[in-house]
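The next block is entry_38.csv, given as CSV, C-alpha atoms.
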chain,number,residue,atom,x,y,z
O,1,ARG,CA,0.0,0.0,0.0
O,2,VAL,CA,2.8,2.4,0.9
O,3,LEU,CA,4.6,1.6,-2.3
O,4,LEU,CA,1.4,2.5,-4.3
O,5,HIS,CA,1.2,5.9,-2.6
O,6,ILE,CA,4.9,6.5,-3.4
O,7,GLN,CA,4.4,5.5,-7.0
O,8,LYS,CA,1.3,7.7,-7.3
O,9,ARG,CA,3.2,10.7,-6.0
O,10,LEU,CA,6.2,10.0,-8.2
O,11,VAL,CA,3.9,9.9,-11.2
O,12,GLN,CA,2.5,13.3,-10.2
O,13,LEU,CA,5.9,14.7,-10.0
O,14,ALA,CA,7.0,13.2,-13.3
O,15,ARG,CA,3.9,14.8,-15.0
O,16,ALA,CA,4.9,18.1,-13.5
O,17,GLY,CA,8.3,17.7,-15.2
O,18,LYS,CA,10.2,17.2,-11.9
O,19,LYS,CA,12.9,14.6,-11.3
O,20,VAL,CA,13.2,12.8,-8.0
O,21,ILE,CA,16.5,11.7,-6.5
O,22,PHE,CA,16.7,9.5,-3.4
O,23,LEU,CA,20.1,10.1,-1.8
O,24,ILE,CA,21.3,7.8,1.0
O,25,ASP,CA,24.5,8.3,3.0
O,26,GLU,CA,26.2,5.6,5.0
O,27,ALA,CA,24.3,3.1,3.0
O,28,GLN,CA,26.5,0.2,4.2
O,29,ALA,CA,24.6,0.4,7.5
O,30,MET,CA,21.2,-0.3,6.0
O,31,PRO,CA,19.5,-3.6,7.1
O,32,ARG,CA,18.7,-6.3,4.6
O,33,ASP,CA,15.0,-5.6,4.6
O,34,THR,CA,15.6,-1.9,3.9
O,35,LEU,CA,17.8,-2.9,0.9
O,36,GLU,CA,15.0,-5.1,-0.4
O,37,ALA,CA,12.6,-2.2,-0.1
O,38,LEU,CA,15.1,-0.1,-2.0
O,39,ARG,CA,15.1,-2.7,-4.8
O,40,LEU,CA,11.3,-2.5,-5.0
O,41,LEU,CA,11.5,1.3,-5.3
O,42,SER,CA,14.0,1.0,-8.1
O,43,ASN,CA,11.3,-0.8,-10.1
O,44,LEU,CA,9.0,2.2,-10.2
O,45,GLU,CA,8.8,3.5,-13.7
O,46,THR,CA,6.5,4.6,-16.5
O,47,SER,CA,6.6,3.3,-20.1
O,48,LYS,CA,9.1,6.1,-20.9
O,49,ARG,CA,11.4,6.4,-17.9
O,50,LYS,CA,12.3,5.6,-14.3
O,51,LEU,CA,10.3,7.6,-11.7
O,52,LEU,CA,13.1,7.6,-9.2
O,53,GLN,CA,16.9,7.9,-9.3
O,54,ILE,CA,18.7,6.4,-6.3
O,55,ILE,CA,22.2,7.3,-5.2
O,56,LEU,CA,23.9,5.3,-2.5
O,57,LEU,CA,26.9,6.7,-0.6
O,58,GLY,CA,28.9,4.4,1.6
O,59,GLN,CA,32.0,2.9,2.9
O,60,PRO,CA,33.8,-0.2,1.4
O,61,GLU,CA,31.6,-2.4,3.5
O,62,LEU,CA,28.7,-1.5,1.1
O,63,ASP,CA,30.6,-3.2,-1.7
O,64,GLN,CA,30.9,-6.3,0.3
O,65,LEU,CA,27.3,-6.2,1.3
O,66,LEU,CA,26.1,-5.9,-2.3
O,67,GLN,CA,28.2,-8.9,-3.3
O,68,ARG,CA,25.9,-11.2,-1.2
O,69,ALA,CA,23.9,-13.7,-3.3
O,70,ASP,CA,20.6,-12.6,-1.8
O,71,LEU,CA,21.2,-9.0,-2.9
O,72,ARG,CA,22.2,-10.0,-6.5
O,73,GLN,CA,19.0,-8.4,-8.0
O,74,LEU,CA,19.8,-5.1,-6.2
O,75,SER,CA,23.4,-5.0,-7.4
O,76,GLN,CA,22.3,-5.7,-11.0
O,77,ARG,CA,20.3,-2.5,-11.0
O,78,ILE,CA,23.4,-0.4,-10.5
O,79,ALA,CA,23.9,1.7,-13.6
O,80,TYR,CA,26.9,3.7,-12.5
O,81,GLN,CA,29.5,3.5,-9.8
O,82,ALA,CA,32.6,5.4,-8.8
O,83,GLN,CA,35.2,5.6,-6.1
O,84,LEU,CA,36.6,8.7,-4.5
O,85,SER,CA,40.3,8.7,-4.4
O,86,ASN,CA,42.4,10.3,-1.6
O,87,LEU,CA,43.1,14.0,-2.0
O,88,SER,CA,46.5,15.2,-3.3
O,89,GLU,CA,48.6,17.3,-0.9
O,90,CYS,CA,47.4,20.5,-2.6
O,91,ASP,CA,43.8,19.5,-2.6
O,92,ALA,CA,44.0,18.3,1.0
O,93,ALA,CA,45.3,21.7,2.1
O,94,ALA,CA,42.5,23.5,0.3
O,95,TYR,CA,40.0,21.1,1.8
O,96,LEU,CA,41.3,21.8,5.3
O,97,GLU,CA,41.2,25.6,4.7
O,98,ARG,CA,37.7,25.4,3.3
O,99,ARG,CA,36.3,23.3,6.2
O,100,LEU,CA,37.8,25.9,8.6
O,101,ALA,CA,36.4,28.8,6.7
O,102,VAL,CA,32.9,27.3,6.6
O,103,ALA,CA,33.2,26.8,10.4
O,104,GLY,CA,34.0,30.5,10.8
O,105,ALA,CA,37.8,30.7,11.0
O,106,VAL,CA,39.1,34.1,10.0
O,107,ARG,CA,42.9,33.3,10.3
O,108,LYS,CA,45.2,30.3,9.8
O,109,LEU,CA,44.5,27.9,12.7
O,110,PHE,CA,47.1,25.3,11.6
O,111,ALA,CA,50.8,26.1,11.5
O,112,PRO,CA,52.5,25.1,8.1
O,113,ALA,CA,54.4,22.2,9.8
O,114,ALA,CA,51.2,21.0,11.5
O,115,THR,CA,49.3,21.1,8.2
O,116,LYS,CA,52.0,19.2,6.4
O,117,LEU,CA,52.1,16.4,9.0
O,118,LEU,CA,48.3,16.2,9.2
O,119,ILE,CA,48.1,15.7,5.5
O,120,ALA,CA,51.0,13.2,5.3
O,121,ARG,CA,49.6,11.0,8.1
O,122,SER,CA,46.0,11.1,6.9
O,123,GLY,CA,47.1,10.0,3.5
O,124,GLY,CA,44.8,12.6,2.0
O,125,ASN,CA,41.8,10.7,3.3
O,126,PRO,CA,39.1,13.3,4.1
O,127,ARG,CA,37.6,11.3,6.9
O,128,LEU,CA,41.0,11.0,8.7
O,129,LEU,CA,41.7,14.7,8.0
O,130,ASN,CA,38.5,15.6,9.8
O,131,VAL,CA,39.1,13.3,12.8
O,132,LEU,CA,42.8,14.1,13.2
O,133,GLY,CA,42.3,17.8,12.6
O,134,ASP,CA,39.5,18.0,15.2
O,135,LYS,CA,41.7,16.3,17.8
O,136,ALA,CA,44.7,18.5,16.9
O,137,LEU,CA,42.5,21.6,17.4
O,138,MET,CA,41.4,20.2,20.8
O,139,SER,CA,45.0,19.6,21.8
O,140,ALA,CA,45.9,23.2,20.9
O,141,TYR,CA,42.9,24.5,22.8
O,142,ALA,CA,43.8,22.5,25.9
O,143,ALA,CA,47.3,23.8,25.8
O,144,GLY,CA,46.1,27.4,25.5
O,145,ARG,CA,47.4,28.0,22.0
O,146,ASN,CA,45.5,29.8,19.3
O,147,GLN,CA,47.2,27.9,16.5
O,148,VAL,CA,47.7,24.2,16.0
O,149,GLN,CA,51.3,23.1,16.1
O,150,ARG,CA,53.1,20.0,14.9
O,151,SER,CA,53.0,18.6,18.5
O,152,ASP,CA,49.2,18.9,18.5
O,153,VAL,CA,49.0,16.7,15.4
O,154,LEU,CA,51.4,14.2,17.0
O,155,GLN,CA,49.1,14.2,20.0
O,156,ALA,CA,46.1,13.6,17.8
O,157,LEU,CA,47.9,10.7,16.1
O,158,LEU,CA,48.7,9.1,19.5
O,159,ASP,CA,45.1,9.6,20.6
O,160,SER,CA,43.8,8.0,17.4
O,161,SER,CA,46.1,5.0,17.3
O,162,THR,CA,44.0,2.9,19.7
O,163,ALA,CA,40.7,3.9,18.2
O,164,LEU,CA,42.0,3.1,14.7
O,165,ASN,CA,43.5,-0.2,16.0
O,166,HIS,CA,47.0,0.9,15.1
O,167,SER,CA,48.9,0.5,18.4
O,168,SER,CA,52.3,0.5,16.7
O,169,LEU,CA,51.9,4.1,15.7
O,170,ASP,CA,55.1,6.0,16.6
O,171,THR,CA,55.2,9.6,17.4
O,172,GLU,CA,57.9,10.7,14.9
O,173,PRO,CA,57.1,9.1,11.6
O,174,LYS,CA,59.8,9.3,8.8
O,175,THR,CA,57.3,7.9,6.2
O,176,MET,CA,53.6,7.3,6.0
O,177,PRO,CA,52.8,4.4,8.5
O,178,LEU,CA,51.2,1.2,7.4
O,179,TRP,CA,47.8,2.1,8.9
O,180,ALA,CA,47.7,5.3,6.9
O,181,LYS,CA,48.6,3.5,3.7
O,182,ALA,CA,45.8,1.0,4.4
O,183,ALA,CA,43.4,3.9,5.1
O,184,ALA,CA,44.5,5.5,1.9
O,185,LEU,CA,43.6,2.3,0.0
O,186,ALA,CA,40.2,2.0,1.7
O,187,ALA,CA,39.7,5.8,1.5
O,188,VAL,CA,36.4,7.6,1.9
O,189,VAL,CA,34.5,5.4,-0.6
O,190,LEU,CA,31.1,5.6,-2.0
O,191,MET,CA,29.5,2.3,-2.9
O,192,PRO,CA,31.2,-0.6,-4.7
O,193,GLY,CA,34.3,1.3,-4.9
O,194,GLY,CA,32.2,4.4,-5.1
O,195,PHE,CA,28.6,5.4,-5.4
O,196,ALA,CA,25.8,3.6,-7.0
O,197,TRP,CA,23.3,5.3,-9.2
O,198,TRP,CA,20.1,3.9,-10.5
O,199,SER,CA,18.8,5.9,-13.4
Show me this structure written as structure tokens.
Amino acid sequence: RVLLHIQKRLVQLARAGKKVIFLIDEAQAMPRDTLEALRLLSNLETSKRKLLQIILLGQPELDQLLQRADLRQLSQRIAYQAQLSNLSECDAAAYLERRLAVAGAVRKLFAPAATKLLIARSGGNPRLLNVLGDKALMSAYAAGRNQVQRSDVLQALLDSSTALNHSSLDTEPKTMPLWAKAAALAAVVLMPGGFAWWS
């Protein structure tokens, strides 16, 4: 019954010349029943076109989930998929500055050495940049500093090593550690290596 109501509304929107996009973030956390409902929604169409475009955003676990035999019909409906790669050093620096500007920063909150270490140890992974950057800011705040220093990033790395299950993390890395390389490979990924898009 609910599906019929959804279809009726989608038909109305289609007649009005409007496109409907269903965007789902962290899709790897969806239960099996929800994924099945999603498959049913992907069937909604007129004789001319689909009534609903579905975009799934998720971590690598979503790719593994969709490889299950009982979800084969759902994975077969994927028309397009892509993977987000890690940011280059230049892009990571711009990303960090942009995030801080949106948050209201009016001056440089990270010293150059701190920025360089943060980017190197995150591997350009936006999720790790966010986590480590936040912890580095807290470290600087706790120390009464108005700018994040390299020592604050090192403190953030130490604080994150247990949570990220990388207890072998040393405090003075000469090269990117194994955990950062692994994170760089996993990256912030949308669906099967990227995002899935039903059209």
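Note that CA of Pro60 (chain O) and CA of Val20 (chain O) are 26.1 Å apart.
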I'd like the neighbourhood of Tyr95 (chain O) as an MDAnalysis selection string, where a residue qualifies if any of its atoms comes within 12 Å (using all atoms listed in the file), though same-chain residues fewer than 2 positions away should be ignored.
chainID O and resid 86:93 97:102 115 119 124:127 129:130 133
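Neighbours of Lys48 (chain O) closer than or equal to 12 Å, with all atoms listed in the file counted and sequence neighbours fewer than 4 positions away skipped, come out as O:Val11, O:Ala14, O:Arg15, O:Leu44.
The space separating CA of Tyr80 (chain O) from CA of Leu41 (chain O) comes to 17.2 Å.
The interatomic distance for the pair CA of Gln64 (chain O) and CA of Ala27 (chain O) works out to 11.8 Å.
Near Leu132 (chain O), within 9 Å and counting all atoms listed in the file, sit O:Leu118, O:Ser122, O:Arg127, O:Leu137, O:Val153, O:Ala156, O:Leu157, O:Asp159, O:Ser160; same-chain residues fewer than 5 positions away were not included.
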For Ser42 (chain O), list every protein, DNA or RNA residue within 9 Å, evaluated using only C-alpha atoms, and leave out those in the same chain fewer than 3 positions away; present the list as a list in words.
Ala37, Leu38, Arg39, Glu45, Lys50, Leu51, Leu52, Gln53, Ile54, Leu74, Arg77, Trp198 and Ser199 of chain O
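Neighbouring residues of Gln147 (chain O) at 7 Å or closer, counting all atoms listed in the file and skipping chain neighbours under 3 positions away, are Leu109, Phe110, Ala111 and Ala140 of chain O.
Here the residues that fall within 10 Å of (55.9, 19.1, 17.4), using only C-alpha atoms, are given as Ala113, Ala114, Leu117, Val148, Gln149, Arg150, Ser151, Asp152, Val153, Leu154, Gln155, Thr171 and Glu172 of chain O.
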Among the residues O:Gln12, O:Ser75, O:Ser161, O:Gln59, the one that comes closest to Glu26 (chain O) [using all atoms listed in the file]:
O:Gln59
Measuring atom to atom with only C-alpha atoms, identify which of O:Leu71, O:Val131, O:Ala16, O:Ala142 is nearest to Leu35 (chain O).
O:Leu71
So, counting all atoms listed in the file, which residue among O:Asp63, O:Gly123, O:Leu4, O:Asn146 is closest to Ala82 (chain O)?
O:Asp63
Of the candidates O:Ala120, O:Asp25, O:Tyr141, O:Asp33, which one gets nearest to Ile55 (chain O) if we count only C-alpha atoms?
O:Asp25
Could you give me, as a ChimeraX atom specification, the residues that sit within 8 Å of (22.7, -6.7, 1.6) in the file's coordinates, counting only C-alpha atoms?
/O:30-32,35,62,65-68,70-71
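Closest approach to Gln81 (chain O) among O:Ala105, O:Leu158, O:Ala94, O:Leu56: O:Leu56, based on only C-alpha atoms.
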